[in-house]
Every structure is written in structure tokens, then in C-alpha cells.
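Note sheet for the following structure.
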Amino acid sequence: MTLFHIRTLALATLTTLLFACNGKGNAPQNQSERQTTNDSTLRIAVMPTLDCLPLYVADATGMFGEEHINVRLMKYTAQMDCDTAILRGRVQGVFTDLVRAQRLRQKGVNLHEVGATNLHWQLISNRNARLKDVRQLGDKMVGMTRFSATDFLTADLIDRSKPKNEVFRIQVNNVFIRLKMLVGYEIDAAFMPEPQATVARMGKNNVLADTKAKDIRLGVAVFSMAAKDQKKVCQALPAFVKAYDRACDSLNIRGIQHYADLLKAHFQLNDAAVKALPKTAFAKMSPVREKDRNAIKDFPTQ
């Protein structure tokens, strides 16, 4: 590694540690925000990624209320904080990926899988790295999250492309920090979901791989079946899925840009980024495909 890479690696490690100690998204901070046994509100951990946009739409347009359920979206910027929230019973549901869901089960969380989501990633290299192919990743730093779909995708790419030198996997959990490090040339490449991938592309950074093009679908919605949650979740899920599907219909008919205010408020996008978002088809809730489940089943999550 070059001296620049060594210094950046140290900075990335320090950033990750500081965020882990101090940054917890918008986790509940006081007693009034914590659920009680008789609370009918369904709390769902969400990220500022497009797979969660139907939830924001359903919430903002009153679709959840029209289906007679109370839903509260708990906003986080790192998937590990979503995991912590469901582990500690702060939320009943989480929009995550198959690898992280598998890890949660190994930690003893009883999960019900509701269906696949529209979560995709692109591997984007910063333009200064001048990478055109994944085989050039040797001796480069790739931003990802351990024990997640991005960890699996990085390992899979390395295995398939076989770079001559070691690829350094840099754990950056917060999607906004990962984006900032990529466009700031602090890491050579990173797996980015939408809409962060769009912001990266706007800076003329290079797309090296795309899970959508490879027909890889690893996004999933799961809910807790813990004893204290099971009754509430089972009662709410049919209405939840109905509202979610209605929101997908609205997005497909009206287009993403129709909900520009939500994108700017919850996803930190400006007008130019909203306009640049690719046309996206939002699939209604449907079972996870076996090919996707089988792809990650042997990936280590501990």
C-alpha cells in the first residue's frame, strides 16, 4: 500500500470507531419514545435508501392510516444501528438485506420474512483512482459494511475477478459518510445504494458493477416474532403490505420525482440529484427468490 492509502486507512478506521461510539441515527433518546407492551404502533427501522421510499410515501400520504394501522418510521443512517434496534426491541420491523437478516437469526432473533425489496447497489470508483474494471481493485480500498450484502458482494467480486494484489475492505457503515469518503477521494471505491449512487455518478465517478444488471436481489423486509411483538405484528402485517403495495403503485404511476419533497427531506438530496435519479420500477411485496437466498447461504456472518 502507498503512504496515502495507509493514512486513509487509519482515518477510515478512526471515523468508523467514532461513529460507532457517538452516532446512532435517530434512535429513541428518551422514555416517551420507547414502546410499551400495549402500544399498537408498529415501529420499522428504515434507511435513507430507495428501497425504503415506499414506506415514506405510505406514511406521508396517510396510506397506513387508511389501512387502519399505526406505523412509525425509525430513521437510521447505518444498517448496524437498524440491527441493534430490532435486537433490543426498539422496533418490530427492519428493511435490510439477506446477509444481515441471516446474521440476526444467528444472534437469536426470531424473524418473519415478509418479502423482497427494491434494494440494489453499484460498485463505484472515484474518478481519481482511474479504475475501469474490477480486476484493477488490487491494492485498492473498497468501502462496505461487514456481515452485510456489500461484504458478500465485495467477496464475490474478488473471487470472480481475482485481482493480482489484496483488496482492502474498509468498513464504513454510515451511507452518507461512505459517500463523502468516496467523492472526497479518501477511498478508491465503494458499494453504494440508491440514491447515494446517483450522487456519486453525478461527480463523474465510474460504475464498475451493478447488482441490478446482474439480476441480484438481496433486499428483504423482516419483522420480529418475539413473544412481546408477535400478536401486534401478525395483526398489522396484512394492512402493512397493502399500504406498501399501494405506495409502490403510486411511485410507479407518478414517478420518483413526484415525491421530491420526501427525497429532499429524508435522503439529503438537492434538486439536481432528485432530477438525476434513474427511472425505477417498485415491485410489490413478493417472496425472496430461492436463487438469491442460495447465493448467500454459505457466506460467513460471524
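To be explicit about the labels: the chains of the C-alpha cells are called A, B, and onward in the order shown, and within each one the residues are counted from 1, while ligands get numbers from 1 in the order they are shown.
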
Show me a table, sorted first by chain and then by increasing residue number, of the residues of stretch 166-224 of chain A having an atom at most 12 Å from stretch 153-160 of chain A, each with its shortest atom pair and the distance in Å to one decimal, counting only C-alpha atoms and written as JSON lines.
{"residue": "A:Glu166", "atom": "CA", "partner": "A:Ile158", "partner_atom": "CA", "distance": 9.0}
{"residue": "A:Val167", "atom": "CA", "partner": "A:Ile158", "partner_atom": "CA", "distance": 7.6}
{"residue": "A:Phe168", "atom": "CA", "partner": "A:Thr154", "partner_atom": "CA", "distance": 10.0}
{"residue": "A:Arg169", "atom": "CA", "partner": "A:Thr154", "partner_atom": "CA", "distance": 7.9}
{"residue": "A:Ile170", "atom": "CA", "partner": "A:Thr154", "partner_atom": "CA", "distance": 10.6}
{"residue": "A:Gln171", "atom": "CA", "partner": "A:Thr154", "partner_atom": "CA", "distance": 11.5}
{"residue": "A:Ala189", "atom": "CA", "partner": "A:Thr154", "partner_atom": "CA", "distance": 10.6}
{"residue": "A:Ala190", "atom": "CA", "partner": "A:Thr154", "partner_atom": "CA", "distance": 9.2}
{"residue": "A:Phe191", "atom": "CA", "partner": "A:Thr154", "partner_atom": "CA", "distance": 8.1}
{"residue": "A:Met192", "atom": "CA", "partner": "A:Leu153", "partner_atom": "CA", "distance": 11.4}
{"residue": "A:Leu208", "atom": "CA", "partner": "A:Leu157", "partner_atom": "CA", "distance": 10.4}
{"residue": "A:Ala209", "atom": "CA", "partner": "A:Leu157", "partner_atom": "CA", "distance": 8.9}
{"residue": "A:Asp210", "atom": "CA", "partner": "A:Leu153", "partner_atom": "CA", "distance": 10.2}
{"residue": "A:Thr211", "atom": "CA", "partner": "A:Leu153", "partner_atom": "CA", "distance": 8.7}
{"residue": "A:Lys214", "atom": "CA", "partner": "A:Leu153", "partner_atom": "CA", "distance": 11.3}
{"residue": "A:Ile216", "atom": "CA", "partner": "A:Leu153", "partner_atom": "CA", "distance": 9.7}
{"residue": "A:Arg217", "atom": "CA", "partner": "A:Leu153", "partner_atom": "CA", "distance": 11.3}
{"residue": "A:Leu218", "atom": "CA", "partner": "A:Leu153", "partner_atom": "CA", "distance": 10.0}

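For the choices A:Met141, A:Cys234, A:Ile187, A:Ala149, the atom-to-atom distance to A:Arg100 is smallest for A:Ala149 when using only C-alpha atoms.
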
| field | All strand (DSSP E or B) positions in stretch 84-122 of chain A, as a PyMOL selection string | value | chain A and resi 93-97+111-116+121-122

| said: Among stretch 8-169 of chain A, which residues does DSSP mark as helix (DSSP H, G or I) when it is run on the backbone? Keep the chain and numbering as in the structure and answer as an MDAnalysis selection string. | reply: chainID A and resid 8:22 31:33 50:60 63:66 79:87 98:106 127:129 134:137 149:161

| message | Would you pick out the contacts of A:Met181 at 10 Å or less, using only C-alpha atoms, so that residues sharing its chain but fewer than 6 positions from it are not included, and give the list as a PyMOL selection string? | response | chain A and resi 8+12+126+143+172+175+187-190

Selection from above, all heavy atoms, as a PDB file, in the first residue's frame, can you write it?
ATOM      1  N   THR A   8      -5.073   6.990   4.859  1.00  0.00           N
ATOM      2  CA  THR A   8      -6.530   6.968   4.666  1.00  0.00           C
ATOM      3  C   THR A   8      -7.164   5.809   5.406  1.00  0.00           C
ATOM      4  O   THR A   8      -8.248   5.930   5.965  1.00  0.00           O
ATOM      5  CB  THR A   8      -6.861   6.887   3.167  1.00  0.00           C
ATOM      6  OG1 THR A   8      -6.227   7.969   2.499  1.00  0.00           O
ATOM      7  CG2 THR A   8      -8.365   6.973   2.943  1.00  0.00           C
ATOM      8  N   ALA A  12     -10.070   6.111   8.056  1.00  0.00           N
ATOM      9  CA  ALA A  12     -11.339   5.381   7.922  1.00  0.00           C
ATOM     10  C   ALA A  12     -11.648   4.591   9.179  1.00  0.00           C
ATOM     11  O   ALA A  12     -12.788   4.537   9.640  1.00  0.00           O
ATOM     12  CB  ALA A  12     -11.274   4.456   6.713  1.00  0.00           C
ATOM     13  N   ASN A 126     -13.886   6.160  -7.369  1.00  0.00           N
ATOM     14  CA  ASN A 126     -13.711   7.600  -7.554  1.00  0.00           C
ATOM     15  C   ASN A 126     -12.862   7.842  -8.800  1.00  0.00           C
ATOM     16  O   ASN A 126     -12.005   7.048  -9.166  1.00  0.00           O
ATOM     17  CB  ASN A 126     -13.125   8.259  -6.291  1.00  0.00           C
ATOM     18  CG  ASN A 126     -11.630   8.044  -6.135  1.00  0.00           C
ATOM     19  OD1 ASN A 126     -10.826   8.432  -6.983  1.00  0.00           O
ATOM     20  ND2 ASN A 126     -11.237   7.422  -5.015  1.00  0.00           N
ATOM     21  N   GLY A 143     -15.044   0.600   0.139  1.00  0.00           N
ATOM     22  CA  GLY A 143     -15.940   0.859   1.262  1.00  0.00           C
ATOM     23  C   GLY A 143     -17.135  -0.075   1.261  1.00  0.00           C
ATOM     24  O   GLY A 143     -17.779  -0.265   0.228  1.00  0.00           O
ATOM     25  N   VAL A 172     -17.302   1.091   6.415  1.00  0.00           N
ATOM     26  CA  VAL A 172     -17.892   2.411   6.621  1.00  0.00           C
ATOM     27  C   VAL A 172     -19.395   2.198   6.655  1.00  0.00           C
ATOM     28  O   VAL A 172     -20.041   2.042   5.609  1.00  0.00           O
ATOM     29  CB  VAL A 172     -17.504   3.403   5.504  1.00  0.00           C
ATOM     30  CG1 VAL A 172     -18.003   4.806   5.863  1.00  0.00           C
ATOM     31  CG2 VAL A 172     -16.007   3.409   5.267  1.00  0.00           C
ATOM     32  N   VAL A 175     -24.089   5.395   5.409  1.00  0.00           N
ATOM     33  CA  VAL A 175     -24.088   5.552   3.949  1.00  0.00           C
ATOM     34  C   VAL A 175     -23.683   6.954   3.519  1.00  0.00           C
ATOM     35  O   VAL A 175     -23.084   7.135   2.450  1.00  0.00           O
ATOM     36  CB  VAL A 175     -25.464   5.189   3.347  1.00  0.00           C
ATOM     37  CG1 VAL A 175     -25.732   3.704   3.478  1.00  0.00           C
ATOM     38  CG2 VAL A 175     -26.584   6.019   3.959  1.00  0.00           C
ATOM     39  N   ILE A 187     -11.362   6.933  -0.210  1.00  0.00           N
ATOM     40  CA  ILE A 187     -11.350   5.510  -0.536  1.00  0.00           C
ATOM     41  C   ILE A 187     -11.440   5.402  -2.057  1.00  0.00           C
ATOM     42  O   ILE A 187     -11.906   6.318  -2.739  1.00  0.00           O
ATOM     43  CB  ILE A 187     -12.512   4.729   0.127  1.00  0.00           C
ATOM     44  CG1 ILE A 187     -13.860   5.394  -0.154  1.00  0.00           C
ATOM     45  CG2 ILE A 187     -12.278   4.580   1.622  1.00  0.00           C
ATOM     46  CD1 ILE A 187     -15.050   4.659   0.444  1.00  0.00           C
ATOM     47  N   ASP A 188     -10.962   4.278  -2.571  1.00  0.00           N
ATOM     48  CA  ASP A 188     -10.874   4.134  -4.031  1.00  0.00           C
ATOM     49  C   ASP A 188     -12.209   3.764  -4.663  1.00  0.00           C
ATOM     50  O   ASP A 188     -12.503   4.147  -5.799  1.00  0.00           O
ATOM     51  CB  ASP A 188      -9.830   3.065  -4.375  1.00  0.00           C
ATOM     52  CG  ASP A 188      -8.454   3.436  -3.868  1.00  0.00           C
ATOM     53  OD1 ASP A 188      -7.909   4.454  -4.327  1.00  0.00           O
ATOM     54  OD2 ASP A 188      -7.926   2.714  -2.994  1.00  0.00           O
ATOM     55  N   ALA A 189     -13.024   2.993  -3.946  1.00  0.00           N
ATOM     56  CA  ALA A 189     -14.311   2.542  -4.479  1.00  0.00           C
ATOM     57  C   ALA A 189     -15.222   2.205  -3.313  1.00  0.00           C
ATOM     58  O   ALA A 189     -14.774   2.059  -2.169  1.00  0.00           O
ATOM     59  CB  ALA A 189     -14.120   1.326  -5.387  1.00  0.00           C
ATOM     60  N   ALA A 190     -16.504   2.059  -3.613  1.00  0.00           N
ATOM     61  CA  ALA A 190     -17.465   1.713  -2.564  1.00  0.00           C
ATOM     62  C   ALA A 190     -18.731   1.171  -3.199  1.00  0.00           C
ATOM     63  O   ALA A 190     -19.110   1.562  -4.315  1.00  0.00           O
ATOM     64  CB  ALA A 190     -17.794   2.926  -1.699  1.00  0.00           C
TER      65      ALA A 190
END

Give me the stretch 180-246 of chain A side of the contact with stretch 81-96 of chain A, cut-off 7 Å, one line per residue showing its nearest atom pair and distance in Å at one decimal, counting only C-alpha atoms, sorted by chain and residue number, as a Markdown table.
| residue | atom | partner | partner_atom | distance |
| --- | --- | --- | --- | --- |
| A:Gly219 | CA | A:Thr96 | CA | 5.9 |
| A:Val220 | CA | A:Thr96 | CA | 5.5 |
| A:Ala221 | CA | A:Phe95 | CA | 4.5 |
| A:Val222 | CA | A:Val94 | CA | 5.7 |
| A:Phe223 | CA | A:Gly93 | CA | 4.1 |
| A:Ser224 | CA | A:Gln92 | CA | 5.2 |
| A:Asp229 | CA | A:Gln92 | CA | 6.7 |

Just N, CA and C atoms for this one: save the residues we selected as a compact mmCIF listing (two decimals), in the first residue's frame.
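What landed in result17.txt:
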# COMPACT_ATOMS: atom_id res chain seq x y z
N GLY A 219 -32.29 -7.40 -1.12
CA GLY A 219 -33.06 -6.63 -0.15
C GLY A 219 -34.21 -7.45 0.41
N VAL A 220 -34.52 -7.25 1.71
CA VAL A 220 -35.59 -8.02 2.34
C VAL A 220 -36.20 -7.22 3.49
N ALA A 221 -37.49 -7.43 3.71
CA ALA A 221 -38.19 -6.84 4.86
C ALA A 221 -38.49 -7.95 5.85
N VAL A 222 -38.07 -7.76 7.10
CA VAL A 222 -38.28 -8.77 8.13
C VAL A 222 -38.91 -8.12 9.36
N PHE A 223 -39.66 -8.95 10.10
CA PHE A 223 -40.32 -8.47 11.31
C PHE A 223 -40.08 -9.45 12.46
N SER A 224 -40.03 -8.90 13.65
CA SER A 224 -39.77 -9.70 14.84
C SER A 224 -40.97 -10.55 15.21
N ASP A 229 -43.90 -9.12 20.59
CA ASP A 229 -44.23 -8.47 19.33
C ASP A 229 -45.18 -9.28 18.45

| task | Could you please determine the separation between atom CA of A:Asn205 and atom CA of A:Asp292 in Å, to one decimal place? | result | 28.2 Å

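Using only C-alpha atoms, the smallest distance between any of A:Pro238, A:Lys275, A:Met285, A:Met47 and A:Asn173 comes from A:Met47.
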
| said: I need the residue nearest A:Thr280 from this list: A:Lys212, A:Arg103, A:Arg201, A:His266. Use only C-alpha atoms for the distance. | reply: A:Lys212

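Picture a line from atom CA of A:Arg146 to atom CA of A:Met80; it runs 9.3 Å.
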
| query | Using only C-alpha atoms, which of the listed residues (A:Leu73, A:Val57, A:Leu98, A:Ala200) sits closest to A:Leu277? | reply | A:Ala200
